[in-house]
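Q: Dropping a structure here in structure tokens format, bear with me for questions.
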Amino acid sequence: MNKPVELATLTGAEAVVEMLKAHGVDVVFGLCGDTSMPLYDALARLGSIKHVLTRDERHAAYMADGYARLSGKVGVCEGPSGGGATYILPGLVEANESSIPVLAINTDVSVSSRGKFTLTELDQRTLMKPLTKWNAVLDRSADIPKVFRKAFESMTTGRAGAAHVALPFDVQNGPLERSDVWADPTLGSFPSRRTAPDPSLVELAAKLLRKAKQPLFVCGGGVVLSGAESELLELAEKLSAPVATTISGKGSIDERCAHSVGVVGSNGGTPETRAVVDTADLIVFVGCRAGSVTTERWRHPAPGRARIIHIDVDPAVPGTNYKVDVPLIGDARLCLSALNEALEGHRREADLSWVDEKKRVKFEKFEALARSEDTPIKPERVVFELQKALDADAIVVADPGTPCPYLSAYYVVKGTGRRYFSNRAHGALGYALAASMGAHVAKPKVKTVAVMGDGSFGMCVGELETAVRLRLPVTFVVISNAVYGWIKAGQKTGYDRRYFSVDFGVTDHARVAEAFGVKSWRVFDPAKLGAALKTALAHDGPTLVDIVCQPLHEARAPVSEWVA
């Protein structure tokens with residue numbers, strides 16, 4: 001039987017699908033619209049890419065973000081013109097600032113319809129330019145291959161980030177040559193085309209490390225993004241150095257390890273972890289921008305207190321917030337590997353029992369609260385019961401608000417790699433539910449849990465229908481206290497308890513979830529929490545556990561601004 005002859009030309013929409021496939025894309029998250037119909041028809045006819053229909057474009061972008069973090073591949077989301085472009089924007093800016101490669105394709109009004117007051121017309125190029133690493137508006141079908149090649153190159157090389165392509169209706173229908181449709185498939189994963197550090201600067205850094213008496217690594221998301229965990233541990237063992245992380249850096253080191261300090265900074269740090277930072281005479285920032293949260297507004301470490309080696313793939317980062325003794329510009333894995341080679345044969349002997357003692361004190365305070373039988377349930381108890389119920393390879397996604405500081409501080413990541421994450425760039429509420437669904441699509445054999453406050457739940461509840469329709473076995477945990485807790489806690493400590501417009505009505509989130517078809521529990525009694533979580537985690541479909549909890553302004557959250 002003869003194979004069908006391939007036509008020499010493709011439509012623009014067909015070319016988009018083929019370019020995605022050529023870069024290894026196997027799933028797209030998105031929402032249909034009038035301007036998207038040629039693209040949807042091409043996706044349907046050309047087959048192999050799975051399309052996940054979402055309930056709005058923001059959550060399509062968050063799903064693509066979660067998928068990218070767990071798969072190591074570019075996450076792709078799409079939406080129509082007009083409101084579709086404005087709705088998808090929050091997910092793009094979060095991914096871009098978090099160095100996560102997410103490609104958003106917004107279809108658009110026809111090129112021939114521009115400037116005619118066409119329904120849903122807006123300037124997508126100007127809208128997206130400051131929020132993405134790279135963006136383009138297509139004017140001709142013939143430009144589709146080179147534009148998509150450039151998008152993937154931009155997203156996955158150097159500091160990874162988001163890209164946006166506007167795809168007009170008539171461009172989707174226009175012809176182009178099939179021979180122009182080709183790609184470098186290595187650009188579909190990240191990081192690609194890694195860069196190595198300057199050897200002379202590696203030698204300078206090695207000299208500082210040999211002389212240091214109390215070195216400390218502070219690792220951001222760059223370690224996990226580059227897959228540099230084993231190189232980090234090898235270097236930490238050579239130097240007998242403790243390793244602290246940012247929230248995004250959790251997973252850089254097994255937190256049961258003797259070298260692990262845990263999370264430092266104003267969100268998830270504690271007085272015990274801060275003391276480790278303040279003791280250091282040399283700090284190595286690795287894939288960490290040394291921003292306001294990590295350094296408690298640049299007070300820990302205090303400027304000039306320690307020598308600084310700063311490793312980052314972005315040359316604009318070292319020297320921005322601290323005077324740097326040695327900047328190492330390059331991929332984190334290649335930089336750490338170069339330092340290991342430069343320190344071959346060097347072994348610093350030091351006792352790390354003092355780090356273990358700091359952790360013991362920190363978790364002793366935590367467990368005293370976590371074992372409390374008080375009601376409302378303390379947030380510490382939620383972390384405690386989750387830790388007991390989850391396997392080491394589970395993925396936990398934390399929304400901002402109550403979940404983030406507690407899980408960052410006290411949820412112990414057992415192993416390395418991406419096992420825990422939160423949206424730390426802009427901290428928009430409503431992220432975790434959708435991002436956890438994207439994470440599950442990337443790793444369907446691993447249990448995924450999303451933990452969110454009830455303020456967040458109200459912003460993302462519609463995607464429960466998506467979870468039910470796709471029968472995703474993700475467990476959603478809601479910290480229920482009827483308040484925008486972070487702001488109320490700030491009003492307590494910074495504004496003499498002048499609480500204003502932060503409280504909202506009580507909702508039975510379990511009953512809401514049940515209306516979508518999600519198997520749900522509502523828990524008031526701490527003694528019943530463990531059993532409810534265990535049952536929810538074992539179920540083979542989506543589940544939700546609504547936990548009535550102590551609000552943040554009454555709790556002892558690991559947030560330095562609220563601690564006298």
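Note on naming: chains are A, B, ... as they come in the structure tokens, residues start from 1 per chain, ligands start from 1 in the order shown.
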Among segment 361-550 of chain A, which residues carry a DSSP assignment of helix (DSSP H, G or I), reported as JSON, numbers by chain?

A: {"A": [361, 362, 363, 364, 365, 366, 367, 368, 369, 370, 379, 380, 381, 382, 383, 384, 385, 386, 387, 388, 389, 403, 404, 405, 406, 407, 408, 409, 410, 432, 433, 434, 435, 436, 437, 438, 439, 440, 441, 442, 454, 455, 456, 457, 458, 459, 460, 461, 462, 463, 464, 465, 466, 467, 468, 469, 485, 486, 487, 488, 489, 490, 491, 492, 493, 494, 509, 510, 511, 512, 513, 514, 515, 516, 526, 527, 528, 529, 530, 531, 532, 533, 534, 535, 536, 537, 538]}

Q: DSSP on the backbone, then: every residue of segment 66-179 of chain A marked strand (DSSP E), written as a ChimeraX atom specification.

A: /A:75-79,102-108,134-137,163-168,175-177

Q: Calculated over only C-alpha atoms, which of the candidates A:Val223, A:Leu39, A:Val263, A:Ala8 has the smallest distance to Arg418 of chain A?

A: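 Counting only C-alpha atoms, the residue closest to Arg418 of chain A is A:Val223.
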
Q: Which is closer to Asp170 of chain A than all the others in A:Leu209, A:Leu552, A:Ala450, A:Ser110, using only C-alpha atoms?

A: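 When distances to Asp170 of chain A are compared using only C-alpha atoms, the smallest one comes from A:Ser110.
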
Q: Point out the residue among A:His23, A:Lys50, A:Arg159, A:His259 with the least atom-to-atom distance to Gly287 of chain A, counting only C-alpha atoms.

A: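 Checking each of A:His23, A:Lys50, A:Arg159, A:His259 against Gly287 of chain A, counting only C-alpha atoms, the winner is A:Arg159.
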
Q: Show which residues sit within 10 Å of Lys359 of chain A, as a list in words. Count only C-alpha atoms, and ignore same-chain residues fewer than 5 positions away.

A: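 Once the nearby chain positions are removed, what remains is Ala258, Ser260, Val261, Gly262, Thr270, Glu272, Thr273, Ser353, Trp354 and Glu364 of chain A.
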
Q: Which is closer to Ala332 of chain A than all the others in A:Leu53, A:Ile311, A:Leu31, A:Ala432, using only C-alpha atoms?

A: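 Residue with the minimum atom-to-atom distance to Ala332 of chain A: A:Ile311.
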
Q: Would you kindly return, as an mmCIF file with N, CA and C atoms, in the first residue's frame, each protein, DNA or RNA residue with an atom no farther than 7 Å from any atom of Trp521 of chain A, considering only C-alpha atoms and excluding same-chain residues fewer than 4 positions away?

A:
```cif
data_model
loop_
_atom_site.group_PDB
_atom_site.id
_atom_site.type_symbol
_atom_site.label_atom_id
_atom_site.label_comp_id
_atom_site.auth_asym_id
_atom_site.auth_seq_id
_atom_site.Cartn_x
_atom_site.Cartn_y
_atom_site.Cartn_z
ATOM 1 N N ALA A 510 -15.429 21.926 51.184
ATOM 2 C CA ALA A 510 -15.672 20.518 50.866
ATOM 3 C C ALA A 510 -16.984 20.351 50.104
ATOM 4 N N ALA A 532 -8.026 11.625 57.651
ATOM 5 C CA ALA A 532 -8.654 12.237 56.482
ATOM 6 C C ALA A 532 -7.640 12.404 55.351
ATOM 7 N N LEU A 544 -10.250 16.580 47.960
ATOM 8 C CA LEU A 544 -10.028 17.860 48.639
ATOM 9 C C LEU A 544 -10.254 17.680 50.133
ATOM 10 N N VAL A 545 -9.338 18.221 50.923
ATOM 11 C CA VAL A 545 -9.465 18.222 52.379
ATOM 12 C C VAL A 545 -9.497 19.673 52.834
ATOM 13 N N ASP A 546 -10.626 20.070 53.381
ATOM 14 C CA ASP A 546 -10.835 21.442 53.856
ATOM 15 C C ASP A 546 -10.569 21.461 55.351
#
```

Q: Calculated over only C-alpha atoms, which of the candidates A:Ala538, A:Ala241, A:Leu208, A:Val548 has the smallest distance to Ala389 of chain A?

A: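 The closest residue to Ala389 of chain A is A:Ala538.
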
Q: In terms of the shortest atom-to-atom distance over only C-alpha atoms, which of A:Leu176, A:Gly265, A:Val25, A:Gly79 is closest to Phe152 of chain A?

A: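 For Phe152 of chain A, the nearest of the candidates is A:Val25.
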
Q: Determine, counting only C-alpha atoms, which protein, DNA and RNA residues have an atom within 9 Å of an atom of Gly83 of chain A; residues of the same chain fewer than 5 positions away are not included. Present the result as a list of chain:residue names.

A: A:Glu57, A:Ile88, A:Thr120

Q: I want to know what sits within 9 Å of Val461 of chain A, based on only C-alpha atoms, with residues of the same chain fewer than 5 positions away left out; could you give that as a VMD selection string?

A: chain A and resid 430 433 456 512 to 513

Q: Figure out the distance between atom CA of Val451 of chain A and atom CA of Ile479 of chain A, please, to one decimal in Å.

A: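 Straight-line distance from atom CA of Ile479 of chain A to atom CA of Val451 of chain A works out to 7.4 Å.
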
Q: Residues near Glu463 of chain A, anyone? I mean within 9 Å using only C-alpha atoms, not counting same-chain ones fewer than 4 positions away, as a list in words.

A: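 Listed by chain and then number, they are Thr54, Arg55, Asp56, His59, Leu433, Ala434, Ala467 and Val468 of chain A.
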
Q: Save out the residues we just selected, all heavy atoms, as an mmCIF file, in the first residue's frame.

A:
```
data_model
loop_
_atom_site.group_PDB
_atom_site.id
_atom_site.type_symbol
_atom_site.label_atom_id
_atom_site.label_comp_id
_atom_site.auth_asym_id
_atom_site.auth_seq_id
_atom_site.Cartn_x
_atom_site.Cartn_y
_atom_site.Cartn_z
ATOM 1 N N THR A 54 -8.740 23.926 29.611
ATOM 2 C CA THR A 54 -8.840 24.528 30.937
ATOM 3 C C THR A 54 -10.056 25.445 30.991
ATOM 4 O O THR A 54 -10.715 25.689 29.985
ATOM 5 C CB THR A 54 -7.564 25.323 31.262
ATOM 6 O OG1 THR A 54 -7.467 26.440 30.366
ATOM 7 C CG2 THR A 54 -6.325 24.453 31.107
ATOM 8 N N ARG A 55 -10.338 25.972 32.184
ATOM 9 C CA ARG A 55 -11.510 26.822 32.336
ATOM 10 C C ARG A 55 -11.193 28.306 32.247
ATOM 11 O O ARG A 55 -12.092 29.128 32.150
ATOM 12 C CB ARG A 55 -12.225 26.497 33.657
ATOM 13 C CG ARG A 55 -12.741 25.060 33.716
ATOM 14 C CD ARG A 55 -13.647 24.720 32.536
ATOM 15 N NE ARG A 55 -14.834 25.549 32.527
ATOM 16 C CZ ARG A 55 -15.978 25.233 33.134
ATOM 17 N NH1 ARG A 55 -16.100 24.085 33.776
ATOM 18 N NH2 ARG A 55 -17.016 26.050 33.089
ATOM 19 N N ASP A 56 -9.924 28.674 32.331
ATOM 20 C CA ASP A 56 -9.512 30.026 31.949
ATOM 21 C C ASP A 56 -8.029 30.027 31.605
ATOM 22 O O ASP A 56 -7.303 29.063 31.879
ATOM 23 C CB ASP A 56 -9.887 31.091 32.986
ATOM 24 C CG ASP A 56 -9.032 31.100 34.239
ATOM 25 O OD1 ASP A 56 -7.818 30.876 34.143
ATOM 26 O OD2 ASP A 56 -9.582 31.328 35.326
ATOM 27 N N HIS A 59 -5.061 29.890 34.359
ATOM 28 C CA HIS A 59 -4.721 28.577 34.892
ATOM 29 C C HIS A 59 -4.090 27.680 33.849
ATOM 30 O O HIS A 59 -3.321 26.769 34.183
ATOM 31 C CB HIS A 59 -5.956 27.956 35.543
ATOM 32 C CG HIS A 59 -6.406 28.738 36.734
ATOM 33 N ND1 HIS A 59 -7.558 29.491 36.736
ATOM 34 C CD2 HIS A 59 -5.814 28.946 37.946
ATOM 35 C CE1 HIS A 59 -7.662 30.101 37.904
ATOM 36 N NE2 HIS A 59 -6.619 29.794 38.643
ATOM 37 N N LEU A 433 -3.317 25.203 42.770
ATOM 38 C CA LEU A 433 -4.260 24.211 42.272
ATOM 39 C C LEU A 433 -3.950 23.859 40.820
ATOM 40 O O LEU A 433 -3.818 22.694 40.452
ATOM 41 C CB LEU A 433 -5.692 24.710 42.438
ATOM 42 C CG LEU A 433 -6.820 23.722 42.112
ATOM 43 C CD1 LEU A 433 -8.023 23.952 43.019
ATOM 44 C CD2 LEU A 433 -7.268 23.847 40.655
ATOM 45 N N ALA A 434 -3.820 24.870 39.969
ATOM 46 C CA ALA A 434 -3.548 24.612 38.556
ATOM 47 C C ALA A 434 -2.133 24.092 38.343
ATOM 48 O O ALA A 434 -1.914 23.164 37.553
ATOM 49 C CB ALA A 434 -3.770 25.886 37.742
ATOM 50 N N ALA A 467 -10.061 19.002 36.764
ATOM 51 C CA ALA A 467 -9.508 17.850 37.482
ATOM 52 C C ALA A 467 -10.460 16.662 37.447
ATOM 53 O O ALA A 467 -10.035 15.510 37.275
ATOM 54 C CB ALA A 467 -9.200 18.235 38.924
ATOM 55 N N VAL A 468 -11.760 16.943 37.592
ATOM 56 C CA VAL A 468 -12.748 15.866 37.567
ATOM 57 C C VAL A 468 -12.881 15.286 36.162
ATOM 58 O O VAL A 468 -12.917 14.063 35.968
ATOM 59 C CB VAL A 468 -14.109 16.380 38.081
ATOM 60 C CG1 VAL A 468 -15.208 15.343 37.864
ATOM 61 C CG2 VAL A 468 -14.008 16.738 39.557
#
```

Q: What's the separation between atom CA of Glu296 of chain A and atom CA of Ser501 of chain A, in Å to one decimal place?

A: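 Computing the Euclidean distance for atom CA of Glu296 of chain A and atom CA of Ser501 of chain A yields 27.3 Å.
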
Q: Would you work out the distance separating atom CA of His310 of chain A from atom CA of Arg289 of chain A, expressed in Å to one decimal?

A: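 Rounded to one decimal, the two atoms are 8.8 Å apart.
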